[in-house]
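Contents: one structure, followed by commentary.
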Amino acid sequence: MDSLEQAKCQKMADDIADIMPLTPMIYKAFCQIPRTHFVPVSIYAFKLDAHPIAGNQWISSPLTVAKMTLALEAENCDNVLEIGCGSGYQAAILSKLAHRVFSVERIETLANDAKSKMRQLGFNNVNIRHDDGNVGWKSYAPYDRIILSCACDEIPKRLIDQLKDGGILVAPIKNSHKQSITKFIKKGSNLEQITLDECEFVPLLEGRE
Ligand code: SAH
């Protein structure tokens, strides 16, 4: 990353940290991930808003990425599963916190683009799969953490099955007309639930495209 982009990423991390306290590892991750690789229109790259990307999808606002990442508590975890890779930005942030990141995307062109970005950037601990995230990614389960980057009414059972006991799952959950970032902690056969901020994500759809 060149020094100009580095300075801009750091400024964005500072802007986020002015709004919500970041852990040192999350702050550093925002400084290290070259945001212009993930946001197609570079003048918007460092604004704290959501942006349209290919396939009629959205890259989340960095503030939302920060909130989801804080809720996930993925620092030093072994493995994290993301459903809804999109541009790959959230997965790239997670790659600086956890040892291995697995991300599933149902739109083939997005999955392929994200894969080649990770290769270009040398983020070798991010694995991306073109598939329906409703089924998770069984071969590397169980996961310490699972994050849904798309909204659902309730968490698919197969994802809960792929979460380790004591693991954390963070997802945007739809209730009536709004969505809330929701944190789930798996405790044996129970799922403890904590509702955090309101949010706006595209829906978790069925099947691949
Ligand atoms: N994390 C992304 C934001 C993704 S937007 C980023 O940082 O850019 C949500 C993504 O979820 C979209 O790309 C959409 O195609 C994907 N998605 C929706 N339903 C899905 C499903 N069933 N399986 C996998 N991906 C899905």
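Chain labels follow the order of the structure tokens: the first chain is A, the next B, and so on; residue numbering restarts at 1 in every chain, and ligands are counted from 1 in their shown order.
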
If we count only C-alpha atoms, what is near Leu72 in chain A at a cut-off of 8 Å, once residues fewer than 4 positions away on the same chain are taken out, given as number ranges by chain?
A: 68, 145-147, 168-170, 183

Could the residues in this selection be written to a file with N, CA and C atoms, as a PDB file, in the first residue's frame?
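Listed below is the output, result25.pdb:
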ATOM      1  N   MET A  68     -19.887  -4.560  13.708  1.00  0.00           N
ATOM      2  CA  MET A  68     -20.008  -6.023  13.587  1.00  0.00           C
ATOM      3  C   MET A  68     -18.728  -6.690  14.104  1.00  0.00           C
ATOM      4  N   ARG A 145     -16.098 -18.359  15.483  1.00  0.00           N
ATOM      5  CA  ARG A 145     -16.955 -17.191  15.250  1.00  0.00           C
ATOM      6  C   ARG A 145     -17.644 -17.344  13.899  1.00  0.00           C
ATOM      7  N   ILE A 146     -18.893 -16.856  13.819  1.00  0.00           N
ATOM      8  CA  ILE A 146     -19.600 -16.796  12.530  1.00  0.00           C
ATOM      9  C   ILE A 146     -20.216 -15.409  12.409  1.00  0.00           C
ATOM     10  N   ILE A 147     -20.062 -14.807  11.232  1.00  0.00           N
ATOM     11  CA  ILE A 147     -20.641 -13.477  11.000  1.00  0.00           C
ATOM     12  C   ILE A 147     -21.492 -13.533   9.734  1.00  0.00           C
ATOM     13  N   ILE A 168     -19.249 -17.310  19.250  1.00  0.00           N
ATOM     14  CA  ILE A 168     -20.103 -16.114  19.063  1.00  0.00           C
ATOM     15  C   ILE A 168     -20.514 -16.025  17.601  1.00  0.00           C
ATOM     16  N   LEU A 169     -21.781 -15.714  17.372  1.00  0.00           N
ATOM     17  CA  LEU A 169     -22.296 -15.487  16.015  1.00  0.00           C
ATOM     18  C   LEU A 169     -22.928 -14.095  15.995  1.00  0.00           C
ATOM     19  N   VAL A 170     -22.571 -13.292  15.006  1.00  0.00           N
ATOM     20  CA  VAL A 170     -23.147 -11.945  14.892  1.00  0.00           C
ATOM     21  C   VAL A 170     -23.879 -11.844  13.561  1.00  0.00           C
ATOM     22  N   LYS A 183     -26.094 -10.313  18.583  1.00  0.00           N
ATOM     23  CA  LYS A 183     -24.966 -11.162  18.963  1.00  0.00           C
ATOM     24  C   LYS A 183     -25.517 -12.391  19.671  1.00  0.00           C
TER      25      LYS A 183
END

Residues of chain A that have any atom at most 6 Å from an atom of ligand 1: could you tabulate them with the shortest-distance atom pair and the distance in Å to one decimal, using only C-alpha atoms and all ligand atoms, ordered by chain and increasing number, as CSV?
residue,atom,partner,partner_atom_place_in_ligand_line,distance
A:Gln57,CA,ligand 1,12 (C),5.4
A:Trp58,CA,ligand 1,5 (S),5.0
A:Ile59,CA,ligand 1,8 (O),3.8
A:Ser60,CA,ligand 1,3 (C),5.3
A:Ile83,CA,ligand 1,24 (C),5.2
A:Gly84,CA,ligand 1,11 (O),3.2
A:Cys85,CA,ligand 1,1 (N),4.6
A:Gly86,CA,ligand 1,13 (O),3.5
A:Ser87,CA,ligand 1,8 (O),3.8
A:Gly88,CA,ligand 1,7 (O),5.0
A:Tyr89,CA,ligand 1,7 (O),4.0
A:Gln90,CA,ligand 1,7 (O),4.0
A:Val104,CA,ligand 1,24 (C),5.1
A:Glu105,CA,ligand 1,25 (N),3.7
A:Arg106,CA,ligand 1,24 (C),4.0
A:Ile107,CA,ligand 1,15 (O),5.3
A:Asp132,CA,ligand 1,23 (N),4.0
A:Gly133,CA,ligand 1,23 (N),3.4
A:Asn134,CA,ligand 1,22 (N),5.1
A:Ser149,CA,ligand 1,1 (N),5.0
A:Cys150,CA,ligand 1,9 (C),4.7
A:Val202,CA,ligand 1,9 (C),5.6
A:Pro203,CA,ligand 1,18 (C),5.8
A:Leu204,CA,ligand 1,19 (N),3.6
A:Leu205,CA,ligand 1,19 (N),4.0
A:Glu206,CA,ligand 1,22 (N),4.9
A:Gly207,CA,ligand 1,22 (N),5.9

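Using only C-alpha atoms, the smallest distance between any of A:Cys199, A:Leu159, A:Leu70, A:Ala114 and Ile26 in chain A comes from A:Leu70.
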
Residues of range 87-142 of chain A classed as helix (DSSP H, G or I) by DSSP on the backbone are to be reported as a ChimeraX atom specification.
/A:89-95,108-121,133-135,138-140

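Here the question is which of A:Gln32, A:Val135, A:Thr23, A:Asp49 gets nearest to Ala7 in chain A using only C-alpha atoms, and that residue is A:Gln32.
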